[in-house]
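Content type TSV, C-alpha atoms, from the file final28.tsv:
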```
chain	number	residue	atom	x	y	z
A	2	MET	CA	-23.30	0.16	-12.74
A	3	ASN	CA	-22.46	0.48	-16.41
A	4	ALA	CA	-18.64	0.37	-16.55
A	5	GLN	CA	-18.75	2.68	-19.57
A	6	THR	CA	-19.73	5.55	-17.27
A	7	LEU	CA	-16.30	5.41	-15.61
A	8	ALA	CA	-13.20	7.11	-17.00
A	9	PRO	CA	-11.26	4.72	-19.28
A	10	ASN	CA	-7.98	5.36	-17.45
A	11	LEU	CA	-9.52	3.98	-14.25
A	12	ARG	CA	-9.17	0.49	-15.72
A	13	LEU	CA	-5.39	0.97	-15.89
A	14	LEU	CA	-5.12	1.55	-12.14
A	15	LYS	CA	-4.94	-0.58	-9.05
A	16	ALA	CA	-5.97	0.81	-5.68
A	17	TYR	CA	-2.97	1.84	-3.59
A	18	ARG	CA	-2.79	-0.66	-0.74
A	19	ALA	CA	-0.95	0.74	2.27
A	20	PRO	CA	0.03	-1.93	4.80
A	21	PRO	CA	-2.30	-2.08	7.81
A	22	PRO	CA	-1.10	-0.81	11.21
A	23	THR	CA	0.92	-3.42	13.08
A	24	THR	CA	1.77	-4.13	16.68
A	25	ASN	CA	4.65	-6.11	18.15
A	26	ALA	CA	6.65	-5.74	14.95
A	27	ILE	CA	9.72	-3.78	13.88
A	28	LYS	CA	8.23	-1.57	11.20
A	29	LEU	CA	10.82	-0.62	8.59
A	30	ASP	CA	8.61	-0.69	5.50
A	31	ALA	CA	7.22	2.84	5.11
A	32	MET	CA	10.11	5.35	5.34
A	33	GLU	CA	8.88	6.70	8.67
A	34	ASN	CA	10.89	8.24	11.47
A	35	PRO	CA	10.90	5.39	14.04
A	36	TYR	CA	11.06	7.76	17.01
A	37	ALA	CA	7.94	9.00	18.75
A	38	LEU	CA	7.58	12.50	20.17
A	39	PRO	CA	10.12	12.84	23.00
A	40	ALA	CA	8.52	12.22	26.38
A	41	GLU	CA	9.57	15.63	27.71
A	42	LEU	CA	7.49	17.30	24.96
A	43	ARG	CA	4.43	15.06	25.03
A	44	SER	CA	2.71	16.68	28.02
A	45	ALA	CA	3.14	20.17	26.58
A	46	TRP	CA	1.78	19.00	23.23
A	47	LEU	CA	-1.28	17.36	24.81
A	48	GLU	CA	-1.95	20.44	26.89
A	49	ARG	CA	-1.84	22.56	23.75
A	50	LEU	CA	-4.21	20.27	21.88
A	51	GLY	CA	-6.56	20.48	24.84
A	52	ARG	CA	-7.10	24.14	24.02
A	53	VAL	CA	-8.11	23.46	20.40
A	54	ASP	CA	-11.80	23.95	19.62
A	55	PHE	CA	-12.37	21.16	17.14
A	56	ASN	CA	-16.07	21.97	16.93
A	57	ARG	CA	-14.98	24.87	14.72
A	58	TYR	CA	-13.58	24.69	11.21
A	59	PRO	CA	-9.83	25.22	10.96
A	60	ASP	CA	-8.23	28.40	9.66
A	61	ALA	CA	-8.79	27.84	5.93
A	62	GLY	CA	-5.66	29.80	5.06
A	63	ALA	CA	-3.55	28.22	7.82
A	64	VAL	CA	-1.85	31.59	8.30
A	65	ALA	CA	0.09	30.75	11.47
A	66	LEU	CA	1.21	27.38	10.10
A	67	LYS	CA	2.43	28.94	6.85
A	68	ARG	CA	4.38	31.52	8.85
A	69	GLY	CA	6.15	28.73	10.72
A	70	LEU	CA	6.93	26.84	7.50
A	71	ARG	CA	8.40	29.95	5.90
A	72	GLN	CA	10.58	30.54	8.93
A	73	ARG	CA	11.84	26.96	8.80
A	74	PHE	CA	12.27	26.54	5.04
A	75	GLY	CA	12.64	30.08	3.73
A	76	ALA	CA	11.06	31.38	0.55
A	77	ALA	CA	12.31	33.26	-2.47
A	78	PRO	CA	10.90	36.78	-2.98
A	79	GLY	CA	7.49	36.62	-4.60
A	80	TRP	CA	6.91	32.97	-3.71
A	81	GLY	CA	3.68	31.59	-2.34
A	82	LEU	CA	2.87	28.48	-0.30
A	83	LEU	CA	0.19	25.85	-0.92
A	84	LEU	CA	-0.68	23.23	1.71
A	85	GLY	CA	-1.90	19.72	1.02
A	86	ASN	CA	-3.06	16.64	2.89
A	87	GLY	CA	0.33	15.04	2.35
A	88	SER	CA	2.22	15.39	-0.93
A	89	ASP	CA	-0.33	13.10	-2.58
A	90	GLU	CA	-3.07	15.73	-2.52
A	91	ILE	CA	-0.67	18.28	-4.02
A	92	ILE	CA	0.29	15.87	-6.80
A	93	GLN	CA	-3.41	15.42	-7.52
A	94	MET	CA	-3.97	19.19	-7.61
A	95	LEU	CA	-1.06	19.61	-10.02
A	96	CYS	CA	-2.41	16.90	-12.32
A	97	LEU	CA	-5.87	18.46	-12.29
A	98	ALA	CA	-4.33	21.84	-13.09
A	99	VAL	CA	-2.85	20.59	-16.38
A	100	ALA	CA	-5.61	18.12	-17.31
A	101	ARG	CA	-6.66	18.67	-20.89
A	102	PRO	CA	-6.85	16.39	-23.97
A	103	GLY	CA	-3.42	15.17	-24.99
A	104	ALA	CA	-1.58	16.48	-21.92
A	105	VAL	CA	1.35	14.36	-20.71
A	106	VAL	CA	2.88	13.92	-17.26
A	107	MET	CA	6.53	12.81	-17.21
A	108	ALA	CA	8.88	11.45	-14.55
A	109	PRO	CA	11.92	9.17	-14.29
A	110	ASP	CA	11.21	5.44	-14.21
A	111	PRO	CA	11.18	3.97	-11.62
A	112	SER	CA	10.10	6.78	-9.34
A	113	PHE	CA	7.32	7.57	-6.86
A	114	VAL	CA	4.32	5.48	-7.87
A	115	MET	CA	1.76	8.22	-7.18
A	116	TYR	CA	3.02	10.35	-10.09
A	117	ARG	CA	1.73	7.78	-12.57
A	118	HIS	CA	-1.27	6.77	-10.47
A	119	LEU	CA	-2.66	10.28	-10.08
A	120	ALA	CA	-1.82	11.29	-13.66
A	121	LEU	CA	-3.89	8.39	-14.98
A	122	ALA	CA	-6.62	9.05	-12.40
A	123	CYS	CA	-6.90	12.58	-13.81
A	124	ASN	CA	-7.18	11.16	-17.36
A	125	LEU	CA	-3.71	12.32	-18.38
A	126	ALA	CA	-1.14	10.43	-20.42
A	127	TYR	CA	1.95	9.33	-18.51
A	128	CYS	CA	5.52	8.92	-19.79
A	129	GLY	CA	8.19	7.30	-17.64
A	130	VAL	CA	11.77	7.84	-18.82
A	131	PRO	CA	14.03	4.89	-17.85
A	132	LEU	CA	16.88	5.54	-15.45
A	133	LEU	CA	20.36	4.24	-16.19
A	134	PRO	CA	21.39	0.89	-14.63
A	135	ASP	CA	22.94	2.70	-11.64
A	136	PHE	CA	19.63	4.60	-11.21
A	137	SER	CA	21.14	7.91	-12.30
A	138	LEU	CA	19.21	10.17	-14.66
A	139	ASP	CA	20.05	10.03	-18.36
A	140	ALA	CA	19.89	13.75	-19.19
A	141	ASP	CA	20.04	13.31	-22.96
A	142	ALA	CA	17.32	10.66	-22.99
A	143	PHE	CA	15.11	12.72	-20.70
A	144	ILE	CA	15.47	15.87	-22.81
A	145	ALA	CA	14.79	13.86	-25.97
A	146	ALA	CA	11.59	12.60	-24.32
A	147	ILE	CA	10.65	16.20	-23.45
A	148	GLU	CA	11.09	17.25	-27.08
A	149	ARG	CA	9.01	14.28	-28.25
A	150	GLU	CA	6.19	14.38	-25.66
A	151	ARG	CA	6.07	18.10	-24.75
A	152	PRO	CA	4.90	17.30	-21.20
A	153	ALA	CA	2.61	19.69	-19.37
A	154	LEU	CA	4.03	18.51	-16.02
A	155	ILE	CA	7.31	16.89	-14.97
A	156	PHE	CA	8.02	15.37	-11.55
A	157	LEU	CA	11.63	14.99	-10.41
A	158	ALA	CA	12.13	13.48	-6.95
A	159	GLN	CA	15.38	14.66	-5.36
A	160	PRO	CA	16.42	12.20	-3.97
A	161	ASN	CA	14.45	9.65	-5.92
A	162	ASN	CA	12.07	7.11	-4.42
A	163	PRO	CA	12.43	4.09	-4.42
A	164	THR	CA	16.14	4.26	-5.25
A	165	GLY	CA	17.42	6.94	-2.83
A	166	THR	CA	19.45	8.42	-5.69
A	167	LEU	CA	20.45	12.07	-5.86
A	168	PHE	CA	20.30	13.35	-9.42
A	169	ALA	CA	23.09	15.61	-10.66
A	170	ALA	CA	22.27	19.30	-10.22
A	171	GLU	CA	23.34	20.15	-13.78
A	172	THR	CA	21.04	17.44	-15.15
A	173	LEU	CA	18.12	18.93	-13.24
A	174	ARG	CA	19.01	22.39	-14.52
A	175	ARG	CA	19.07	21.18	-18.14
A	176	ILE	CA	15.66	19.55	-17.72
A	177	CYS	CA	14.17	22.67	-16.11
A	178	ALA	CA	15.51	24.78	-18.99
A	179	ALA	CA	14.08	22.40	-21.61
A	180	ALA	CA	10.64	21.90	-20.04
A	181	PRO	CA	7.70	23.51	-21.84
A	182	GLY	CA	5.41	23.14	-18.82
A	183	LEU	CA	5.56	22.88	-15.05
A	184	VAL	CA	8.45	21.13	-13.30
A	185	VAL	CA	8.02	19.93	-9.72
A	186	LEU	CA	11.15	19.18	-7.69
A	187	ASP	CA	9.94	16.75	-5.03
A	188	GLU	CA	12.09	17.10	-1.90
A	189	ALA	CA	10.21	14.66	0.33
A	190	TYR	CA	13.52	13.49	1.86
A	191	LEU	CA	15.03	16.95	2.27
A	192	ALA	CA	15.82	16.33	5.95
A	193	PHE	CA	18.11	13.44	5.00
A	194	SER	CA	19.59	14.58	1.70
A	195	GLY	CA	21.50	17.73	2.62
A	196	VAL	CA	20.50	19.08	-0.82
A	197	ASP	CA	18.16	22.05	-1.14
A	198	CYS	CA	16.83	22.88	-4.63
A	199	SER	CA	15.42	26.33	-3.79
A	200	ALA	CA	18.17	28.19	-5.63
A	201	LEU	CA	17.58	26.07	-8.73
A	202	ALA	CA	13.82	26.57	-8.52
A	203	ALA	CA	14.27	30.33	-8.23
A	204	GLU	CA	16.02	30.37	-11.63
A	205	PHE	CA	12.92	29.21	-13.53
A	206	GLU	CA	9.44	30.68	-13.30
A	207	GLN	CA	7.72	27.37	-14.11
A	208	VAL	CA	9.55	25.33	-11.41
A	209	LEU	CA	7.93	24.46	-8.07
A	210	LEU	CA	9.30	22.86	-4.89
A	211	MET	CA	7.25	20.15	-3.18
A	212	ARG	CA	8.06	19.12	0.36
A	213	THR	CA	6.58	17.16	3.25
A	214	LEU	CA	7.15	16.78	6.97
A	215	SER	CA	6.29	13.06	6.95
A	216	LYS	CA	9.87	11.77	6.82
A	217	TRP	CA	11.05	14.31	9.40
A	218	GLY	CA	8.76	12.69	11.97
A	219	LEU	CA	5.17	13.80	11.32
A	220	ALA	CA	3.91	11.10	8.94
A	221	GLY	CA	0.61	10.67	10.77
A	222	LEU	CA	-0.28	14.34	10.38
A	223	ARG	CA	-0.29	14.24	6.56
A	224	LEU	CA	1.12	17.65	5.72
A	225	GLY	CA	2.74	18.47	2.40
A	226	PHE	CA	3.42	21.86	0.89
A	227	LEU	CA	4.30	23.44	-2.42
A	228	GLN	CA	6.44	26.55	-2.87
A	229	GLY	CA	6.76	28.61	-6.01
A	230	PRO	CA	5.84	31.84	-7.78
A	231	GLN	CA	2.78	33.43	-6.18
A	232	SER	CA	0.99	33.65	-9.53
A	233	LEU	CA	1.21	29.85	-9.95
A	234	ILE	CA	0.25	29.15	-6.35
A	235	ASP	CA	-2.82	31.40	-6.72
A	236	GLU	CA	-4.00	29.33	-9.68
A	237	LEU	CA	-3.45	26.04	-7.85
A	238	GLU	CA	-5.34	27.37	-4.81
A	239	LYS	CA	-8.49	27.19	-6.94
A	240	LEU	CA	-8.18	23.38	-6.81
A	241	ARG	CA	-7.50	23.06	-3.09
A	242	LEU	CA	-10.48	21.78	-1.15
A	243	PRO	CA	-11.58	24.10	1.67
A	244	TYR	CA	-10.32	23.30	5.16
A	245	ASN	CA	-8.05	20.53	3.83
A	246	ILE	CA	-5.62	20.91	6.78
A	247	ASN	CA	-7.46	20.05	9.98
A	248	VAL	CA	-7.10	21.90	13.29
A	249	LEU	CA	-5.10	19.16	15.04
A	250	THR	CA	-2.58	18.98	12.20
A	251	GLN	CA	-2.21	22.75	12.09
A	252	GLU	CA	-1.62	23.02	15.83
A	253	THR	CA	0.67	20.01	16.09
A	254	VAL	CA	2.87	21.02	13.17
A	255	GLN	CA	3.26	24.49	14.66
A	256	PHE	CA	4.27	22.86	17.95
A	257	ALA	CA	6.78	20.61	16.17
A	258	LEU	CA	8.32	23.53	14.30
A	259	GLU	CA	8.74	25.39	17.60
A	260	HIS	CA	10.63	22.33	18.93
A	261	ALA	CA	12.42	21.48	15.70
A	262	GLY	CA	15.68	20.70	17.50
A	263	ALA	CA	14.22	17.49	18.94
A	264	PHE	CA	13.29	16.21	15.47
A	265	ASP	CA	16.56	17.36	13.92
A	266	ALA	CA	18.44	15.37	16.58
A	267	GLN	CA	16.51	12.26	15.60
A	268	VAL	CA	17.39	12.84	11.95
A	269	GLU	CA	21.08	13.04	12.84
A	270	ILE	CA	20.89	9.64	14.55
A	271	LEU	CA	19.10	8.15	11.56
A	272	MET	CA	21.71	9.48	9.13
A	273	GLN	CA	24.47	7.90	11.23
A	274	GLU	CA	22.52	4.65	11.26
A	275	ARG	CA	22.04	4.84	7.50
A	276	ALA	CA	25.82	4.86	7.02
A	277	ARG	CA	26.28	1.99	9.50
A	278	LEU	CA	23.54	-0.12	7.94
A	279	HIS	CA	24.87	0.53	4.44
A	280	ALA	CA	28.36	-0.61	5.38
A	281	ALA	CA	27.14	-3.73	7.20
A	282	LEU	CA	24.81	-4.88	4.41
A	283	ALA	CA	27.43	-4.22	1.73
A	284	ARG	CA	29.73	-6.73	3.44
A	285	LEU	CA	27.25	-9.57	2.94
A	286	SER	CA	27.70	-12.05	0.12
A	287	ALA	CA	26.16	-11.16	-3.27
A	288	THR	CA	24.68	-7.96	-1.89
A	289	GLU	CA	24.67	-4.57	-3.63
A	290	VAL	CA	23.65	-1.53	-1.60
A	291	PHE	CA	22.96	1.64	-3.55
A	292	PRO	CA	24.00	5.07	-2.25
A	293	SER	CA	21.06	6.73	-0.53
A	294	ALA	CA	20.27	10.32	0.37
A	295	ALA	CA	16.96	9.30	1.96
A	296	ASN	CA	15.93	7.46	5.12
A	297	PHE	CA	15.98	4.05	3.44
A	298	LEU	CA	18.38	1.83	1.54
A	299	LEU	CA	17.84	0.02	-1.74
A	300	VAL	CA	19.48	-3.41	-1.56
A	301	ARG	CA	19.81	-5.79	-4.50
A	302	GLN	CA	20.57	-9.52	-4.19
A	303	PRO	CA	20.02	-12.57	-6.38
A	304	GLU	CA	16.28	-13.12	-6.56
A	305	ALA	CA	16.23	-16.37	-4.59
A	306	GLN	CA	18.42	-14.90	-1.86
A	307	ALA	CA	16.30	-11.75	-1.61
A	308	ALA	CA	13.17	-13.90	-1.31
A	309	ARG	CA	14.72	-15.91	1.54
A	310	VAL	CA	15.80	-12.76	3.36
A	311	PHE	CA	12.37	-11.17	3.02
A	312	GLU	CA	10.63	-14.35	4.25
A	313	ALA	CA	13.02	-14.68	7.21
A	314	LEU	CA	12.45	-11.06	8.23
A	315	GLN	CA	8.70	-11.46	7.96
A	316	HIS	CA	8.84	-14.60	10.08
A	317	GLU	CA	10.67	-12.64	12.78
A	318	ARG	CA	8.20	-9.74	12.41
A	319	VAL	CA	10.69	-7.32	10.91
A	320	LEU	CA	8.80	-5.53	8.15
A	321	ILE	CA	10.59	-4.12	5.09
A	322	LYS	CA	9.48	-3.40	1.53
A	323	ASN	CA	9.92	-6.09	-1.11
A	324	LEU	CA	10.24	-4.29	-4.46
A	325	HIS	CA	10.81	-7.42	-6.52
A	326	GLY	CA	8.14	-7.60	-9.21
A	327	SER	CA	7.19	-3.93	-8.97
A	328	HIS	CA	9.48	-2.89	-11.84
A	329	PRO	CA	11.96	-4.80	-14.04
A	330	ALA	CA	14.87	-2.65	-12.83
A	331	LEU	CA	14.06	-3.59	-9.21
A	332	ALA	CA	14.36	-7.36	-9.56
A	333	GLY	CA	15.82	-8.83	-6.37
A	334	CYS	CA	15.54	-5.49	-4.56
A	335	LEU	CA	14.54	-4.99	-0.94
A	336	ARG	CA	14.11	-1.62	0.74
A	337	PRO	CA	14.48	-1.29	4.52
A	338	SER	CA	13.75	2.04	6.16
A	339	ILE	CA	16.33	3.22	8.67
A	340	GLY	CA	15.27	2.33	12.20
A	341	THR	CA	16.62	2.86	15.67
A	342	PRO	CA	20.04	1.32	16.46
A	343	ALA	CA	18.36	-1.62	18.20
A	344	GLN	CA	15.96	-2.18	15.30
A	345	ASN	CA	18.80	-2.04	12.81
A	346	ASP	CA	20.82	-4.51	14.86
A	347	ARG	CA	17.93	-6.98	14.72
A	348	LEU	CA	17.50	-6.44	10.98
A	349	LEU	CA	21.20	-7.08	10.38
A	350	GLU	CA	21.24	-10.15	12.61
A	351	ILE	CA	18.45	-11.87	10.69
A	352	TRP	CA	19.69	-10.73	7.27
A	353	ALA	CA	23.26	-11.87	7.85
A	354	LYS	CA	22.18	-15.22	9.32
A	355	THR	CA	19.92	-15.89	6.33
A	356	VAL	CA	22.61	-15.03	3.78
A	357	ALA	CA	25.22	-17.13	5.61
A	358	GLY	CA	22.88	-20.11	5.76
A	359	ALA	CA	22.01	-20.01	2.06
```
Take the structure in this file and express it as structure tokens.
Amino acid sequence: MNAQTLAPNLRLLKAYRAPPPTTNAIKLDAMENPYALPAELRSAWLERLGRVDFNRYPDAGAVALKRGLRQRFGAAPGWGLLLGNGSDEIIQMLCLAVARPGAVVMAPDPSFVMYRHLALACNLAYCGVPLLPDFSLDADAFIAAIERERPALIFLAQPNNPTGTLFAAETLRRICAAAPGLVVLDEAYLAFSGVDCSALAAEFEQVLLMRTLSKWGLAGLRLGFLQGPQSLIDELEKLRLPYNINVLTQETVQFALEHAGAFDAQVEILMQERARLHAALARLSATEVFPSAANFLLVRQPEAQAARVFEALQHERVLIKNLHGSHPALAGCLRPSIGTPAQNDRLLEIWAKTVAGA
């Protein structure tokens, strides 16, 4: 194939490599809920799936599923709802919606890698605005970048990934007010943050809320959704592929929403474990643990120490994310997801032993 037939921006990208499924390992590398569906619900769920006719196409409008999502998350008057195969598909739809010569996508830096990846994949320019050393958002620098670049689309993750940082509400408001194009408030970790941006989004007609159920406990179902003014949602619907939410996902998410208390109880345990893990890691030598409003912790250590810890955990089949080398601001940074109490105990045991033996 003649490489000149491919979009030039494709050369700037690397394929996203998700880690393969693992067995016999403690998996704390992907910000998943470590708890499976409670046993007392599994039989009822399987019985329900047994009534699904998967020889037929799913409800293209996912009417029943949308009703359940609105009941769970609410919606401002006049708002619509767009469903995606995870948040990634929604990010892609948003990038396609603004794709035109000279259009710019903007986000804090570092932030969720798919903002840049999908912007470039859609032949858009991308501008990352550096965070401050404590990973907070520099409002003045961000607004100056808005005035310079005039972005068609801004992504703001609240809390941010990979840092876990909550940005100040007034900073977000200033950015929304200054933005000439769309602003997407990405609340992927809403279940763990205790911060809901719907009131802020309702103030501005160009602001959208993006959410997912992956972190809540449904990562394998790949369901994301976008909320915002119906007029905007109607335009974005033109880019949604037909039948993008399959029948098993639609039925299972409805089931989960009907039994939301079981998942909410798991989230409560994980938030308690987040606090415990934070305190324990912060007591280790030469270890900085950043405040997190997500279901993971960002931990910084001297580079050699972080490398030893990561290698020791891998050797004991405890999988976490090594962010060293992914961004200059993340040198020496490791990111464990929050696991069950037993999984966290094992993580701490290996981590502390490695640091003490350095």
Please report, as a Markdown table, each residue of range 24-136 of chain A lying at most 12 Å from range 170-186 of chain A, together with the nearest pair of atoms and the separation in Å rounded to one decimal; use all atoms listed in the file, and order rows by chain and ascending residue number.
```
| residue | atom | partner | partner_atom | distance |
| --- | --- | --- | --- | --- |
| A:Ser88 | CA | A:Val185 | CA | 11.5 |
| A:Ile91 | CA | A:Val185 | CA | 10.5 |
| A:Ile92 | CA | A:Val185 | CA | 9.2 |
| A:Leu95 | CA | A:Leu183 | CA | 8.9 |
| A:Cys96 | CA | A:Leu183 | CA | 10.3 |
| A:Ala98 | CA | A:Leu183 | CA | 10.1 |
| A:Val99 | CA | A:Leu183 | CA | 8.8 |
| A:Ala104 | CA | A:Gly182 | CA | 10.1 |
| A:Val105 | CA | A:Gly182 | CA | 9.9 |
| A:Val106 | CA | A:Leu183 | CA | 9.6 |
| A:Met107 | CA | A:Val184 | CA | 9.4 |
| A:Ala108 | CA | A:Val184 | CA | 9.8 |
| A:Pro109 | CA | A:Ile176 | CA | 11.6 |
| A:Tyr116 | CA | A:Val185 | CA | 10.8 |
```
From the list A:Asp54, A:Glu206, A:Glu252, A:Glu150, which residue is nearest Ser232 in chain A when using only C-alpha atoms?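 Closest to Ser232 in chain A, using only C-alpha atoms: A:Glu206.
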Residues near Phe311 in chain A, anyone? I mean within 8 Å using all atoms listed in the file, not counting same-chain ones fewer than 3 positions away, as a VMD selection string. chain A and resid 307 to 308 314 to 315 321 323 335
Atoms kept (C-alpha atoms) for selection, written as a CSV table (one decimal), in the frame of the given file:
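Okay, result26.csv is ready:
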```csv
chain,number,residue,atom,x,y,z
A,307,ALA,CA,16.3,-11.8,-1.6
A,308,ALA,CA,13.2,-13.9,-1.3
A,314,LEU,CA,12.4,-11.1,8.2
A,315,GLN,CA,8.7,-11.5,8.0
A,321,ILE,CA,10.6,-4.1,5.1
A,323,ASN,CA,9.9,-6.1,-1.1
A,335,LEU,CA,14.5,-5.0,-0.9
```
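Of the listed residues (A:Ala8, A:Leu84, A:Ala142, A:Ala200), A:Leu84 comes nearest to Ile246 in chain A; the distances count only C-alpha atoms.
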Hey, which of A:Asn34, A:Asn345, A:Ser327, A:Gln302 ends up closest to Ala281 in chain A? Count all atoms listed in the file. A:Asn345
Taking into account all atoms listed in the file, which residue in the set A:Ala203, A:Ala140, A:Ala294, A:Cys123 is nearest to Leu191 in chain A?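 With all atoms listed in the file as the atom set, the closest residue is A:Ala294.
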With distances taken over all atoms listed in the file, which residue among A:Asp135, A:Glu317, A:Glu304, A:Asp89 lies nearest Thr213 in chain A?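 Under the stated criterion, the closest residue is A:Asp89.
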Non-local contacts of Gly262 in chain A (12 Å; only C-alpha atoms; under 2 positions in same chain excluded) as a PyMOL selection string: chain A and resi 38-39+42+73+217-218+256-260+264-269
Would you save the residues of that selection, restricted to C-alpha atoms, as a PDB file, in the coordinates of the input?
```
ATOM      1  CA  LEU A  38       7.580  12.500  20.170  1.00  0.00           C
ATOM      2  CA  PRO A  39      10.120  12.840  23.000  1.00  0.00           C
ATOM      3  CA  LEU A  42       7.490  17.300  24.960  1.00  0.00           C
ATOM      4  CA  ARG A  73      11.840  26.960   8.800  1.00  0.00           C
ATOM      5  CA  TRP A 217      11.050  14.310   9.400  1.00  0.00           C
ATOM      6  CA  GLY A 218       8.760  12.690  11.970  1.00  0.00           C
ATOM      7  CA  PHE A 256       4.270  22.860  17.950  1.00  0.00           C
ATOM      8  CA  ALA A 257       6.780  20.610  16.170  1.00  0.00           C
ATOM      9  CA  LEU A 258       8.320  23.530  14.300  1.00  0.00           C
ATOM     10  CA  GLU A 259       8.740  25.390  17.600  1.00  0.00           C
ATOM     11  CA  HIS A 260      10.630  22.330  18.930  1.00  0.00           C
ATOM     12  CA  PHE A 264      13.290  16.210  15.470  1.00  0.00           C
ATOM     13  CA  ASP A 265      16.560  17.360  13.920  1.00  0.00           C
ATOM     14  CA  ALA A 266      18.440  15.370  16.580  1.00  0.00           C
ATOM     15  CA  GLN A 267      16.510  12.260  15.600  1.00  0.00           C
ATOM     16  CA  VAL A 268      17.390  12.840  11.950  1.00  0.00           C
ATOM     17  CA  GLU A 269      21.080  13.040  12.840  1.00  0.00           C
TER      18      GLU A 269
END
```
Close residues, Lys322 in chain A itself excluded, 7 Å, only C-alpha atoms, min 4 positions apart in chain, as a short mmCIF file (atom, residue, chain, number, x, y, z; two decimals) with C-alpha atoms, in the coordinates of the input:
```
data_model
loop_
_atom_site.label_atom_id
_atom_site.label_comp_id
_atom_site.auth_asym_id
_atom_site.auth_seq_id
_atom_site.Cartn_x
_atom_site.Cartn_y
_atom_site.Cartn_z
CA ASP A 30 8.61 -0.69 5.50
CA LEU A 335 14.54 -4.99 -0.94
CA ARG A 336 14.11 -1.62 0.74
CA PRO A 337 14.48 -1.29 4.52
#
```
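When CA of Gly87 in chain A is paired with CA of Gly225 in chain A, their separation reads 4.2 Å.
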When you count all atoms listed in the file, which of these residues is closest to Leu271 in chain A: A:Met32, A:Val208, A:Leu320, A:Ala40?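 Distance minimum relative to Leu271 in chain A lands on A:Met32.
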For CA of Leu119 in chain A and CA of Leu209 in chain A, the interatomic separation in Å (one decimal): 17.8 Å
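We find CA of Glu41 in chain A and CA of Ala261 in chain A to be spaced 13.7 Å apart.
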Taking all atoms of range 162-179 of chain A that the file lists, what box with edges along x, y and z, padded by 4 Å per side, do you get, with centre and edge lengths in Å to one decimal, as lines of an AutoDock Vina configuration file?
```
center_x = 17.7
center_y = 14.4
center_z = -12.2
size_x = 19.3
size_y = 28.7
size_z = 26.8
```
If we count all atoms listed in the file and set the cut-off at 8 Å, which residues sit around range 233-242 of chain A, ignoring sequence neighbours fewer than 3 positions away in its own chain? Please answer as a list in words.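 Here the answer would be Gly81, Leu82, Leu83, Gly85, Met94, Leu95, Leu97, Ala98, Gln228, Gly229, Pro230 and Asn245 of chain A.
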Which protein, DNA or RNA residues have an atom at most 7 Å from (16.1, -7.9, -9.1), counting all atoms listed in the file? List them as a PyMOL selection string. chain A and resi 301-304+325+330-334
With a distance cut-off of 12 Å and only C-alpha atoms, select the neighbouring residues of Pro9 in chain A, excluding the residue or stretch itself and same-chain residues fewer than 2 positions from it, and output the selection as a list in words.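 Listing them by chain and then by number gives Ala4, Gln5, Thr6, Leu7, Leu11, Arg12, Leu13, Leu14, Leu121, Ala122, Cys123, Asn124, Leu125 and Ala126 of chain A.
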